[in-house]
Structures are given as C-alpha cells and as structure tokens.
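Raw contents of model02.tsv, TSV, C-alpha atoms:
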```tsv
chain	number	residue	atom	x	y	z
A	1	MET	CA	-82.84	220.11	179.88
A	2	LYS	CA	-81.97	219.14	183.42
A	3	ARG	CA	-83.98	216.32	184.96
A	4	ASN	CA	-85.20	218.59	187.68
A	5	ASP	CA	-86.27	221.24	185.21
A	6	SER	CA	-88.57	218.94	183.25
A	7	GLU	CA	-90.14	217.69	186.47
A	8	ILE	CA	-90.63	221.24	187.73
A	9	ILE	CA	-92.22	222.31	184.45
A	10	GLU	CA	-94.57	219.35	184.43
A	11	LEU	CA	-95.67	219.97	188.00
A	12	MET	CA	-96.09	223.71	187.47
A	13	ASN	CA	-98.20	223.25	184.36
A	14	ASN	CA	-100.67	221.08	186.25
A	15	ASN	CA	-103.15	222.99	188.42
A	16	GLN	CA	-103.31	220.15	190.93
A	17	SER	CA	-99.58	220.04	191.53
A	18	GLN	CA	-98.56	223.65	191.10
A	19	ASN	CA	-97.67	224.16	194.75
A	20	LYS	CA	-95.53	221.06	194.75
A	21	GLY	CA	-93.82	222.27	191.60
A	22	LEU	CA	-93.16	225.66	193.14
A	23	ARG	CA	-91.61	224.10	196.22
A	24	LEU	CA	-89.31	221.98	194.07
A	25	LEU	CA	-88.40	225.05	192.00
A	26	MET	CA	-87.54	227.05	195.10
A	27	ASP	CA	-85.49	224.24	196.60
A	28	THR	CA	-83.50	224.00	193.37
A	29	TYR	CA	-82.85	227.63	192.59
A	30	GLN	CA	-83.41	229.77	195.67
A	31	SER	CA	-79.75	229.84	196.73
A	32	ARG	CA	-78.37	230.93	193.36
A	33	LEU	CA	-81.07	233.52	192.87
A	34	TYR	CA	-80.70	234.83	196.41
A	35	TRP	CA	-76.96	235.47	196.06
A	36	HIS	CA	-77.37	237.08	192.67
A	37	ILE	CA	-79.92	239.48	194.20
A	38	ARG	CA	-77.91	239.97	197.39
A	39	ARG	CA	-74.80	241.09	195.51
A	40	LEU	CA	-76.89	243.77	193.84
A	41	VAL	CA	-78.87	245.11	196.79
A	42	VAL	CA	-76.40	244.20	199.59
A	43	GLU	CA	-78.86	244.12	202.52
A	44	HIS	CA	-80.29	240.72	203.52
A	45	GLU	CA	-83.85	241.91	204.28
A	46	THR	CA	-84.08	243.65	200.92
A	47	ALA	CA	-82.66	240.63	199.13
A	48	GLN	CA	-85.16	238.34	200.87
A	49	ASP	CA	-88.09	240.55	199.86
A	50	VAL	CA	-86.91	240.67	196.27
A	51	LEU	CA	-86.43	236.90	196.19
A	52	GLN	CA	-89.95	236.32	197.51
A	53	ASP	CA	-91.41	238.72	194.97
A	54	THR	CA	-89.48	236.90	192.27
A	55	PHE	CA	-90.99	233.54	193.18
A	56	VAL	CA	-94.49	234.99	193.42
A	57	LYS	CA	-94.08	236.43	189.93
A	58	VAL	CA	-92.76	233.12	188.66
A	59	TYR	CA	-95.81	231.33	190.07
A	60	GLN	CA	-98.28	233.85	188.63
A	61	ASN	CA	-96.66	233.98	185.20
A	62	PHE	CA	-95.42	230.44	184.72
A	63	HIS	CA	-97.88	229.97	181.87
A	64	GLN	CA	-95.76	232.49	179.93
A	65	TYR	CA	-92.67	230.28	180.06
A	66	LYS	CA	-92.54	228.68	176.64
A	67	GLY	CA	-89.29	226.72	177.04
A	68	LYS	CA	-87.32	228.77	174.48
A	69	SER	CA	-84.62	229.38	177.09
A	70	SER	CA	-83.55	227.27	180.03
A	71	LEU	CA	-85.65	227.51	183.16
A	72	PHE	CA	-82.77	229.03	185.10
A	73	THR	CA	-82.25	231.73	182.46
A	74	TRP	CA	-85.93	232.68	182.69
A	75	LEU	CA	-85.82	232.76	186.49
A	76	TYR	CA	-82.58	234.70	186.49
A	77	ARG	CA	-84.08	237.31	184.20
A	78	ILE	CA	-87.08	237.82	186.47
A	79	ALA	CA	-84.85	238.06	189.54
A	80	THR	CA	-82.60	240.59	187.78
A	81	ASN	CA	-85.56	242.79	186.84
A	82	GLU	CA	-86.95	242.67	190.35
A	83	ALA	CA	-83.56	243.57	191.83
A	84	LEU	CA	-83.09	246.47	189.41
A	85	GLN	CA	-86.56	247.78	190.26
A	86	GLN	CA	-85.62	247.63	193.92
A	87	LEU	CA	-82.39	249.52	193.24
A	88	ASN	CA	-84.37	252.21	191.40
A	89	LYS	CA	-86.68	252.54	194.40
A	90	MET	CA	-83.67	252.85	196.67
A	91	LYS	CA	-82.19	255.56	194.45
A	92	LYS	CA	-85.40	257.57	194.62
A	93	MET	CA	-85.44	257.24	198.40
A	94	GLN	CA	-81.89	258.56	198.83
A	95	THR	CA	-81.28	262.01	200.40
A	96	ILE	CA	-80.32	264.79	198.03
A	97	GLY	CA	-76.65	264.75	197.04
A	98	GLU	CA	-76.02	261.22	198.18
A	99	GLU	CA	-75.65	258.76	195.33
A	100	ALA	CA	-76.88	255.21	195.52
A	101	GLY	CA	-73.36	253.88	194.88
A	102	TYR	CA	-71.97	255.59	197.99
A	103	TYR	CA	-74.98	254.42	199.95
A	104	LEU	CA	-74.39	250.81	198.95
A	105	GLN	CA	-70.68	251.09	199.74
A	106	ASN	CA	-71.58	252.27	203.21
A	107	ILE	CA	-73.99	249.45	203.90
A	108	VAL	CA	-71.50	246.82	202.70
A	109	ALA	CA	-69.57	247.29	205.93
A	110	ASN	CA	-72.74	246.56	207.97
A	111	ASN	CA	-73.56	243.43	206.03
A	112	ILE	CA	-70.31	241.52	205.80
A	113	GLU	CA	-68.68	239.11	208.20
A	114	SER	CA	-66.44	240.90	210.63
A	115	ASP	CA	-63.61	238.39	210.14
A	116	ALA	CA	-63.73	238.59	206.36
A	117	GLU	CA	-60.47	239.33	204.56
A	118	GLU	CA	-59.72	242.95	203.88
A	119	ILE	CA	-59.28	242.34	200.18
A	120	GLN	CA	-62.70	240.74	200.00
A	121	LYS	CA	-64.23	243.74	201.77
A	122	LEU	CA	-62.53	246.10	199.33
A	123	LEU	CA	-63.66	243.97	196.45
A	124	GLN	CA	-67.32	244.22	197.53
A	125	LYS	CA	-67.05	247.99	198.01
A	126	ALA	CA	-65.41	248.32	194.62
A	127	ILE	CA	-68.25	246.39	192.97
A	128	GLN	CA	-70.76	248.87	194.43
A	129	THR	CA	-68.99	251.75	192.68
A	130	LEU	CA	-69.74	250.25	189.26
A	131	PRO	CA	-72.62	251.46	187.08
A	132	GLU	CA	-75.63	249.17	187.19
A	133	LYS	CA	-75.05	247.30	183.93
A	134	GLN	CA	-71.34	246.78	184.60
A	135	LYS	CA	-72.11	245.52	188.09
A	136	LEU	CA	-74.60	243.03	186.66
A	137	VAL	CA	-72.22	241.79	184.01
A	138	PHE	CA	-69.33	241.49	186.45
A	139	ASN	CA	-71.34	239.58	189.08
A	140	MET	CA	-72.83	237.19	186.56
A	141	ARG	CA	-69.46	236.43	185.00
A	142	TYR	CA	-67.25	236.54	188.07
A	143	TYR	CA	-69.43	234.90	190.71
A	144	ASP	CA	-71.97	232.85	188.71
A	145	ASP	CA	-69.65	231.80	185.89
A	146	LEU	CA	-72.37	232.30	183.32
A	147	PRO	CA	-71.34	231.93	179.70
A	148	TYR	CA	-71.60	235.09	177.61
A	149	GLU	CA	-74.31	233.51	175.43
A	150	GLU	CA	-76.55	233.00	178.43
A	151	MET	CA	-75.78	236.47	179.77
A	152	SER	CA	-76.72	237.88	176.37
A	153	GLU	CA	-80.11	236.17	176.64
A	154	ILE	CA	-80.75	237.37	180.17
A	155	LEU	CA	-79.61	240.96	179.73
A	156	ASP	CA	-80.57	241.33	176.08
A	157	MET	CA	-77.11	242.64	175.21
A	158	GLU	CA	-74.64	241.73	172.49
A	159	ILE	CA	-71.83	239.38	173.49
A	160	GLY	CA	-69.22	241.94	172.39
A	161	THR	CA	-70.82	244.58	174.62
A	162	LEU	CA	-70.85	242.17	177.52
A	163	LYS	CA	-67.15	241.41	177.13
A	164	THR	CA	-66.31	245.09	176.96
A	165	ASN	CA	-68.37	245.80	180.05
A	166	TYR	CA	-66.68	243.02	181.96
A	167	HIS	CA	-63.22	244.22	180.96
A	168	TYR	CA	-63.90	247.80	182.12
A	169	ALA	CA	-65.55	246.61	185.32
A	170	LYS	CA	-62.54	244.50	186.20
A	171	LYS	CA	-60.19	247.41	185.55
A	172	LYS	CA	-62.20	249.80	187.73
A	173	ILE	CA	-62.30	247.29	190.58
A	174	GLU	CA	-58.58	246.72	190.49
A	175	ASP	CA	-57.91	250.48	190.44
A	176	PHE	CA	-60.33	251.00	193.35
A	177	ILE	CA	-58.66	248.36	195.44
A	178	LYS	CA	-55.19	249.80	194.74
A	179	ASN	CA	-56.30	253.37	195.51
A	180	ASN	CA	-58.20	252.51	198.67
A	181	ASP	CA	-55.68	250.34	200.34
A	182	HIS	CA	-54.84	252.04	203.66
A	183	PRO	CA	-52.16	250.20	205.56
B	1	MET	CA	-49.26	242.62	205.07
B	2	ILE	CA	-50.61	240.04	202.72
B	3	ILE	CA	-52.72	242.59	200.94
B	4	HIS	CA	-49.64	244.74	200.29
B	5	LYS	CA	-47.91	241.82	198.71
B	6	ILE	CA	-50.89	241.17	196.52
B	7	LEU	CA	-51.27	244.78	195.49
B	8	LYS	CA	-47.62	245.17	194.70
B	9	MET	CA	-47.75	242.31	192.30
B	10	GLU	CA	-47.53	243.64	188.81
B	11	ASN	CA	-49.93	241.16	187.43
B	12	PHE	CA	-52.55	241.61	190.09
B	13	ASP	CA	-55.73	240.01	188.86
B	14	ILE	CA	-58.95	239.67	190.79
B	15	GLU	CA	-59.66	236.48	188.87
B	16	LYS	CA	-56.98	234.87	190.99
B	17	LEU	CA	-58.71	235.81	194.21
B	18	GLU	CA	-60.80	233.21	195.95
B	19	LYS	CA	-64.45	233.81	195.21
B	20	LYS	CA	-66.17	234.06	198.56
B	21	ASN	CA	-69.56	235.15	199.81
B	22	ILE	CA	-68.68	237.32	202.77
B	23	PHE	CA	-72.18	238.69	203.38
B	24	THR	CA	-73.90	237.59	206.59
B	25	THR	CA	-77.12	235.58	206.45
B	26	PRO	CA	-79.55	234.53	209.17
B	27	PRO	CA	-79.75	230.77	209.74
B	28	ASP	CA	-82.37	228.76	207.85
B	29	PHE	CA	-84.00	231.80	206.28
B	30	TYR	CA	-84.91	229.88	203.12
B	31	ARG	CA	-87.72	228.16	205.00
B	32	GLU	CA	-89.11	231.58	205.88
B	33	VAL	CA	-88.79	232.63	202.23
B	34	GLN	CA	-90.85	229.67	201.04
B	35	GLN	CA	-93.50	230.16	203.72
B	36	ASN	CA	-93.85	233.84	202.85
B	37	VAL	CA	-94.13	233.02	199.16
B	38	PHE	CA	-97.00	230.57	199.73
B	39	ASN	CA	-98.73	233.08	202.03
B	40	LYS	CA	-98.53	235.76	199.35
B	41	ILE	CA	-99.84	233.39	196.70
B	42	ASP	CA	-102.83	232.38	198.83
B	43	THR	CA	-103.62	236.03	199.57
B	44	SER	CA	-103.35	237.08	195.96
B	45	SER	CA	-105.52	234.20	194.71
B	46	GLN	CA	-108.25	235.11	197.24
B	47	THR	CA	-108.05	238.76	196.24
B	48	SER	CA	-108.21	237.96	192.55
B	49	SER	CA	-111.24	235.66	192.98
B	50	SER	CA	-113.12	238.27	194.99
B	51	GLN	CA	-112.09	240.92	192.49
B	52	THR	CA	-113.37	238.71	189.69
B	53	LYS	CA	-116.68	238.31	191.52
B	54	TYR	CA	-117.03	242.05	192.02
B	55	PHE	CA	-116.10	242.71	188.42
B	56	LYS	CA	-118.76	240.30	187.16
B	57	LEU	CA	-121.36	241.95	189.40
B	58	PHE	CA	-120.30	245.36	188.16
B	59	VAL	CA	-120.63	244.24	184.56
B	60	LYS	CA	-124.14	242.93	185.20
B	61	TYR	CA	-125.24	246.19	186.82
B	62	ALA	CA	-123.65	248.21	184.05
B	63	VAL	CA	-125.47	246.21	181.37
B	64	ALA	CA	-128.76	246.59	183.25
B	65	ALA	CA	-128.23	250.34	183.57
B	66	VAL	CA	-127.51	250.66	179.86
B	67	VAL	CA	-130.65	248.71	178.98
B	68	VAL	CA	-132.79	250.89	181.24
B	69	LEU	CA	-131.27	254.05	179.76
B	70	CYS	CA	-131.96	252.85	176.23
B	71	LEU	CA	-135.55	251.97	177.06
B	72	GLY	CA	-136.02	255.32	178.73
B	73	PHE	CA	-134.59	257.12	175.76
B	74	ILE	CA	-136.82	255.23	173.35
B	75	ALA	CA	-139.88	255.98	175.49
B	76	PHE	CA	-138.96	259.64	175.70
B	77	TYR	CA	-138.45	259.80	171.97
B	78	GLN	CA	-141.80	258.16	171.33
B	79	LEU	CA	-143.58	260.58	173.64
B	80	GLY	CA	-141.93	263.48	171.94
B	81	LYS	CA	-142.99	262.17	168.57
B	82	GLU	CA	-146.59	261.80	169.69
B	83	GLY	CA	-146.55	265.34	170.98
B	84	ILE	CA	-145.34	266.67	167.67
B	85	ASN	CA	-147.98	264.66	165.84
B	86	LYS	CA	-150.70	266.15	168.04
B	87	LYS	CA	-149.42	269.65	167.44
B	88	SER	CA	-149.32	269.10	163.74
B	89	GLU	CA	-153.01	268.11	163.81
B	90	ASN	CA	-154.04	271.51	165.22
B	91	PRO	CA	-153.60	273.53	162.01
B	92	ILE	CA	-156.36	271.38	160.58
B	93	LEU	CA	-158.66	272.22	163.49
B	94	THR	CA	-157.80	275.90	163.49
B	95	GLN	CA	-158.14	276.05	159.73
B	96	GLN	CA	-161.59	274.55	159.94
B	97	THR	CA	-162.51	276.92	162.72
B	98	ASP	CA	-161.25	279.91	160.72
B	99	ASN	CA	-163.44	278.87	157.87
B	100	THR	CA	-166.38	278.49	160.21
B	101	LEU	CA	-165.79	281.90	161.75
B	102	LEU	CA	-165.37	283.58	158.43
B	103	LYS	CA	-168.63	282.13	157.33
B	104	THR	CA	-170.25	283.28	160.55
B	105	GLU	CA	-169.04	286.85	160.13
B	106	GLN	CA	-170.01	287.04	156.54
B	107	THR	CA	-173.57	286.01	157.19
B	108	PRO	CA	-176.08	288.77	157.69
B	109	PRO	CA	-176.46	289.99	161.23
B	110	SER	CA	-179.90	288.61	161.41
B	111	GLU	CA	-178.64	285.17	160.92
B	112	GLN	CA	-175.91	285.52	163.46
B	113	VAL	CA	-176.73	284.39	166.91
B	114	GLN	CA	-173.79	285.99	168.71
B	115	PRO	CA	-170.38	287.21	167.77
B	116	PRO	CA	-168.85	286.15	171.06
B	117	ILE	CA	-165.39	285.68	169.88
B	118	THR	CA	-164.26	289.14	168.89
B	119	ALA	CA	-166.40	291.33	171.19
B	120	PRO	CA	-164.18	293.54	173.32
B	121	GLU	CA	-166.62	293.60	176.19
B	122	SER	CA	-166.68	289.93	176.04
B	123	THR	CA	-165.90	288.23	179.24
B	124	ILE	CA	-164.02	285.66	177.47
B	125	ALA	CA	-160.32	286.23	177.70
B	126	ASN	CA	-158.53	286.19	174.46
B	127	THR	CA	-155.31	284.48	174.93
B	128	GLU	CA	-154.44	284.20	171.33
B	129	THR	CA	-153.76	287.79	170.39
B	130	PRO	CA	-150.09	288.60	170.11
B	131	LYS	CA	-150.20	290.77	173.27
B	132	ARG	CA	-151.79	288.10	175.41
B	133	SER	CA	-149.99	285.24	176.98
B	134	GLU	CA	-150.22	282.27	174.82
B	135	THR	CA	-149.91	279.79	177.56
B	136	SER	CA	-153.04	280.61	179.57
B	137	THR	CA	-155.09	277.61	180.39
B	138	HIS	CA	-157.89	279.14	182.46
B	139	SER	CA	-159.84	280.99	179.83
B	140	ILE	CA	-162.19	279.86	177.18
B	141	VAL	CA	-160.20	280.23	174.06
B	142	THR	CA	-161.58	282.39	171.29
B	143	LYS	CA	-160.29	283.16	167.89
B	144	SER	CA	-159.69	286.59	166.43
B	145	LYS	CA	-159.57	287.32	162.76
B	146	THR	CA	-155.97	288.37	162.82
B	147	ALA	CA	-154.55	285.95	165.32
B	148	VAL	CA	-153.32	282.73	163.92
B	149	VAL	CA	-152.31	280.22	166.40
B	150	SER	CA	-148.98	278.66	165.72
B	151	PRO	CA	-149.19	275.02	166.55
B	152	LYS	CA	-145.59	275.13	167.60
B	153	VAL	CA	-146.23	277.51	170.50
B	154	GLU	CA	-149.38	276.04	172.12
B	155	SER	CA	-149.17	273.54	174.94
B	156	SER	CA	-151.00	270.24	174.84
B	157	SER	CA	-153.52	271.35	177.48
B	158	GLU	CA	-154.44	274.38	175.40
B	159	GLN	CA	-154.91	272.15	172.45
B	160	GLN	CA	-157.24	269.96	174.45
B	161	MET	CA	-159.23	273.00	175.54
B	162	LYS	CA	-159.49	274.19	171.99
B	163	ALA	CA	-160.70	270.84	170.85
B	164	LEU	CA	-163.33	270.92	173.56
B	165	ILE	CA	-164.48	274.41	172.64
B	166	TYR	CA	-164.60	273.67	168.97
B	167	SER	CA	-166.87	270.81	169.76
B	168	PHE	CA	-169.46	273.33	171.05
B	169	SER	CA	-171.85	274.87	168.58
B	170	ASN	CA	-172.25	278.63	168.28
B	171	THR	CA	-175.47	278.50	170.20
B	172	GLU	CA	-173.88	276.69	173.07
B	173	LEU	CA	-170.97	279.11	173.11
B	174	ALA	CA	-173.35	282.02	173.23
B	175	ASP	CA	-175.13	280.51	176.20
B	176	LEU	CA	-171.84	280.04	177.96
B	177	SER	CA	-170.71	283.59	177.37
B	178	LYS	CA	-173.89	285.02	178.81
B	179	GLY	CA	-173.15	283.63	182.20
B	180	SER	CA	-169.53	284.80	182.43
B	181	GLU	CA	-168.25	287.88	184.19
B	182	GLN	CA	-166.07	290.66	182.89
B	183	ASP	CA	-162.42	290.18	183.51
B	184	ILE	CA	-161.23	293.48	184.88
B	185	TYR	CA	-157.55	292.77	184.30
B	186	LEU	CA	-157.96	292.05	180.66
B	187	ASP	CA	-160.33	294.93	180.21
B	188	LEU	CA	-157.44	297.32	180.76
B	189	PHE	CA	-155.80	296.27	177.59
B	190	ASN	CA	-158.86	296.70	175.37
```

Take the structure in the file and give it back as structure tokens.
Amino acid sequence: MKRNDSEIIELMNNNQSQNKGLRLLMDTYQSRLYWHIRRLVVEHETAQDVLQDTFVKVYQNFHQYKGKSSLFTWLYRIATNEALQQLNKMKKMQTIGEEAGYYLQNIVANNIESDAEEIQKLLQKAIQTLPEKQKLVFNMRYYDDLPYEEMSEILDMEIGTLKTNYHYAKKKIEDFIKNNDHP
Amino acid sequence: MIIHKILKMENFDIEKLEKKNIFTTPPDFYREVQQNVFNKIDTSSQTSSSQTKYFKLFVKYAVAAVVVLCLGFIAFYQLGKEGINKKSENPILTQQTDNTLLKTEQTPPSEQVQPPITAPESTIANTETPKRSETSTHSIVTKSKTAVVSPKVESSSEQQMKALIYSFSNTELADLSKGSEQDIYLDLFN
C-alpha cells in the first residue's frame, strides 16, 4: 500500500481527523479521477459536478472500504459509477432521434483547445462513438495505463472480455479516423 | 499534411500517438471542487442530524399513539363486556317476574289487588308486545303473558327502569296506575 494511502485511511477512520483525511485524499487523487470522468462526459462543468459527488460519496461511505482492493481502485469504481449515472441522465434528456454518442461528438468540438492537433480532435470524437463499456475499457487502458487485473476489479469483467473490448475499440477508432479525414 | 502521412501508413496504430489531454479546463478549479465538497458535507450532516431528531420525535409520538389506542381498545372491550353481563342478568329478573305474575293471575280475584299489567284500558304503555317499540324509555314497563323480553334487544336504560319497577310491590304499582292518564296514541292499537 502506498504511504499516502495508509495515512489517508488512518485519518479518514478517525472522526476527529476525517476532514483532514478527505483533503489529503482529494489532493492525491482528484486529478486522475477528474480526467477519467472528463473523458466520459466531455463537458467540464458536468465533470466537476460528478467529481464533487464522487468525493461526497467517498466521505459518507468510507466506513465501507475494507481494504480488499487498493484505495485508488475503490475510488475509481465510485467515480466510474457516478459518471455512468450522469451519462444515463444525459441520454434521457436528449431530444428524440438524437443519440447520446452524436451529442457527445458535437460537444467535443466546444470543449477542446482550439490549437489542438487535428488527429487528437478526431481521436476524441472517435472515442465518443464507442459503446459505453468499450469507451470505459479503452480510456482506462489507453490513457490511465491500468493493468487488466485492476480493470477487471473495477468493472467486474473478465480479463479476456476486457482485452476483446479494447481490441474492438481500437479498431473502430482507427476506422473512424480514416473515414473522417477531410483534407 | 502530417495527418495524411500518418493515415497512409499501413501500420497506423493509435498506440503510437502521443497521449494528450486536449480538453480545456478553467484555472485552479480544484480548489473550488474541494470547497464545494466540504460545503456539501456540512449541509448533509446538518440535514441528517435534524432528520434524526425528527425521526426520534416521530417514533416517540407513534409509540404514545399506539399505547393510547391499546388502552382505549381495552377500555371499550371491558365496557362492552360489562354491558353483556348486565343483559345476561335480566332473564333472571324477568323469569322471577313471570313467576310472580303467573302466581298473581292464578290467585282468586278476591285476592288480587289489581291486574294493572295486562288491562287494555290501562294507561300504562306496553312497550314489550311485539307490535310496540321495544326501545321506549318513557313508559312504565309492564309484562304481558305472551311477551317475553329478549335480553339481547333491550337497552341498558330500559333494564334500569325494569329493575326499578320490579322493586315496587303490586300495591304500589296499583297506586301508581290510578293516577296515570290514558294514552290516546296507544289506545288506537288496542
């Protein structure tokens, strides 16, 4: 266990120092969790709300963390669930006939740096075309470099399934980029 | 132009692309995140403590209401039981009265003081015949040979009246009937 993790756990388990423990937890993990959420929901304001809700849930349910997995795995799982719930809400709010994938593709353009490379823009749009599970698997493997064992724990999926999902996701992205290149 | 070169490559692989975060972020927003989190926690802890207080109050009131209901039910049940017991005592009284009346009627006329109970011109209203209302409480109750009062039908006030009347002797009853007036309404049905 990381040194920080044991300190965070000790502080969080003590009623007197819970706030201090939460602050240390947020300082340690907020960036990684934020980007994981942001790549799923795209918009900053939405990602910020989801991140805040994640930390509130962590604080309220920290007594349920038994140490069977790493602290980051537990946090990542909560953040993933919160982000997926937000995506479901967004799907329900969409106008009839417009799919959430197209919606997210459209808002990518409004949320990326204007001087970003074209290939990077296409890559982000391509990711938004993926089904939810494939998008999750791809982001966790490609951007967060999580080992398949840890991904299996977070997503509750078999390692073989995860590898297959990643392979198909990568193929779809590459095809999307090739088909949408407009010189 | 660069993108064309990349895409034309046979072994194009996104793994070889530089992994960049190209999304825009406001400056120093993590501080805002932490502040908002602590605000939400404070609000939710206040709400949960007040909710706990209200819940405890609610439980106390609910328990008190249940206790009162139970006591009320027990009291009601007891009252009902006493009522039934009183009604069940009446057959004894009426039986005794029947015997008394029978004896009175069987005695020679000379020995009888008055047959006030069954006289049609009697001013005493007979509320115990099947045609009469059995719930009248204003008349002096008399007993006919054929009418048998069912203890189940009489009200408690009627029972009290009966008990009072049965406490009078025949002589006293005769004196009472002398002073009473004919009831025109009831006379129609004689």

Among listed residues A:Ala126, A:Leu11, A:Leu71, A:Leu33, nearest A:Asp53 (using all atoms listed in the file):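 Using all atoms listed in the file, the shortest distance to A:Asp53 belongs to A:Leu33.
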
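Note that the spacing between atom CA of B:Phe23 and atom CA of A:His44 amounts to 8.4 Å.
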
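Across the model, the gap from atom CA of A:Ile173 to atom CA of A:Ile127 is 6.5 Å.
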
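Omitting A:Ser152 and its sequence neighbours fewer than 2 positions away, and counting all atoms listed in the file, the residues within 12 Å are Ser69, Thr73, Arg77, Leu136, Val137, Met140, Arg141, Leu146, Pro147, Tyr148, Glu149, Glu150, Ile154, Leu155, Asp156, Met157, Glu158, Ile159, Gly160, Thr161, Leu162 and Lys163 of chain A.
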
Residue contacts of B:Asn39 (12 Å, all atoms listed in the file) excluding same-chain residues fewer than 4 positions away, as a list of chain:residue names: A:Asn19, A:Gln52, A:Asp53, A:Phe55, A:Val56, B:Glu32, B:Val33, B:Gln34, B:Gln35, B:Thr43, B:Ser44, B:Ser45, B:Gln46

Chain A residues near chain B (6 Å cut-off, only C-alpha atoms) as a ChimeraX atom specification: /A:52,111-113

Protein, DNA and RNA residues within 12 Å of (-96.2, 231.7, 181.8), only C-alpha atoms, as a list in words: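 Here is the list of nearby residues: Ile9, Met12, Asn13, Lys57, Val58, Tyr59, Gln60, Asn61, Phe62, His63, Gln64, Tyr65, Lys66, Gly67, Lys68, Leu71, Trp74, Leu75 and Ile78 of chain A.
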
Export of prior selection with C-alpha atoms as a tab-separated table (two decimals), keeping the file's coordinate frame:
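Dumped everything to result13.tsv:
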```tsv
chain	number	residue	atom	x	y	z
A	9	ILE	CA	-92.22	222.31	184.45
A	12	MET	CA	-96.09	223.71	187.47
A	13	ASN	CA	-98.20	223.25	184.36
A	57	LYS	CA	-94.08	236.43	189.93
A	58	VAL	CA	-92.76	233.12	188.66
A	59	TYR	CA	-95.81	231.33	190.07
A	60	GLN	CA	-98.28	233.85	188.63
A	61	ASN	CA	-96.66	233.98	185.20
A	62	PHE	CA	-95.42	230.44	184.72
A	63	HIS	CA	-97.88	229.97	181.87
A	64	GLN	CA	-95.76	232.49	179.93
A	65	TYR	CA	-92.67	230.28	180.06
A	66	LYS	CA	-92.54	228.68	176.64
A	67	GLY	CA	-89.29	226.72	177.04
A	68	LYS	CA	-87.32	228.77	174.48
A	71	LEU	CA	-85.65	227.51	183.16
A	74	TRP	CA	-85.93	232.68	182.69
A	75	LEU	CA	-85.82	232.76	186.49
A	78	ILE	CA	-87.08	237.82	186.47
```

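For the atom pair formed by atom CA of A:Met90 and atom CA of A:His167, the distance is 27.2 Å, given to one decimal.
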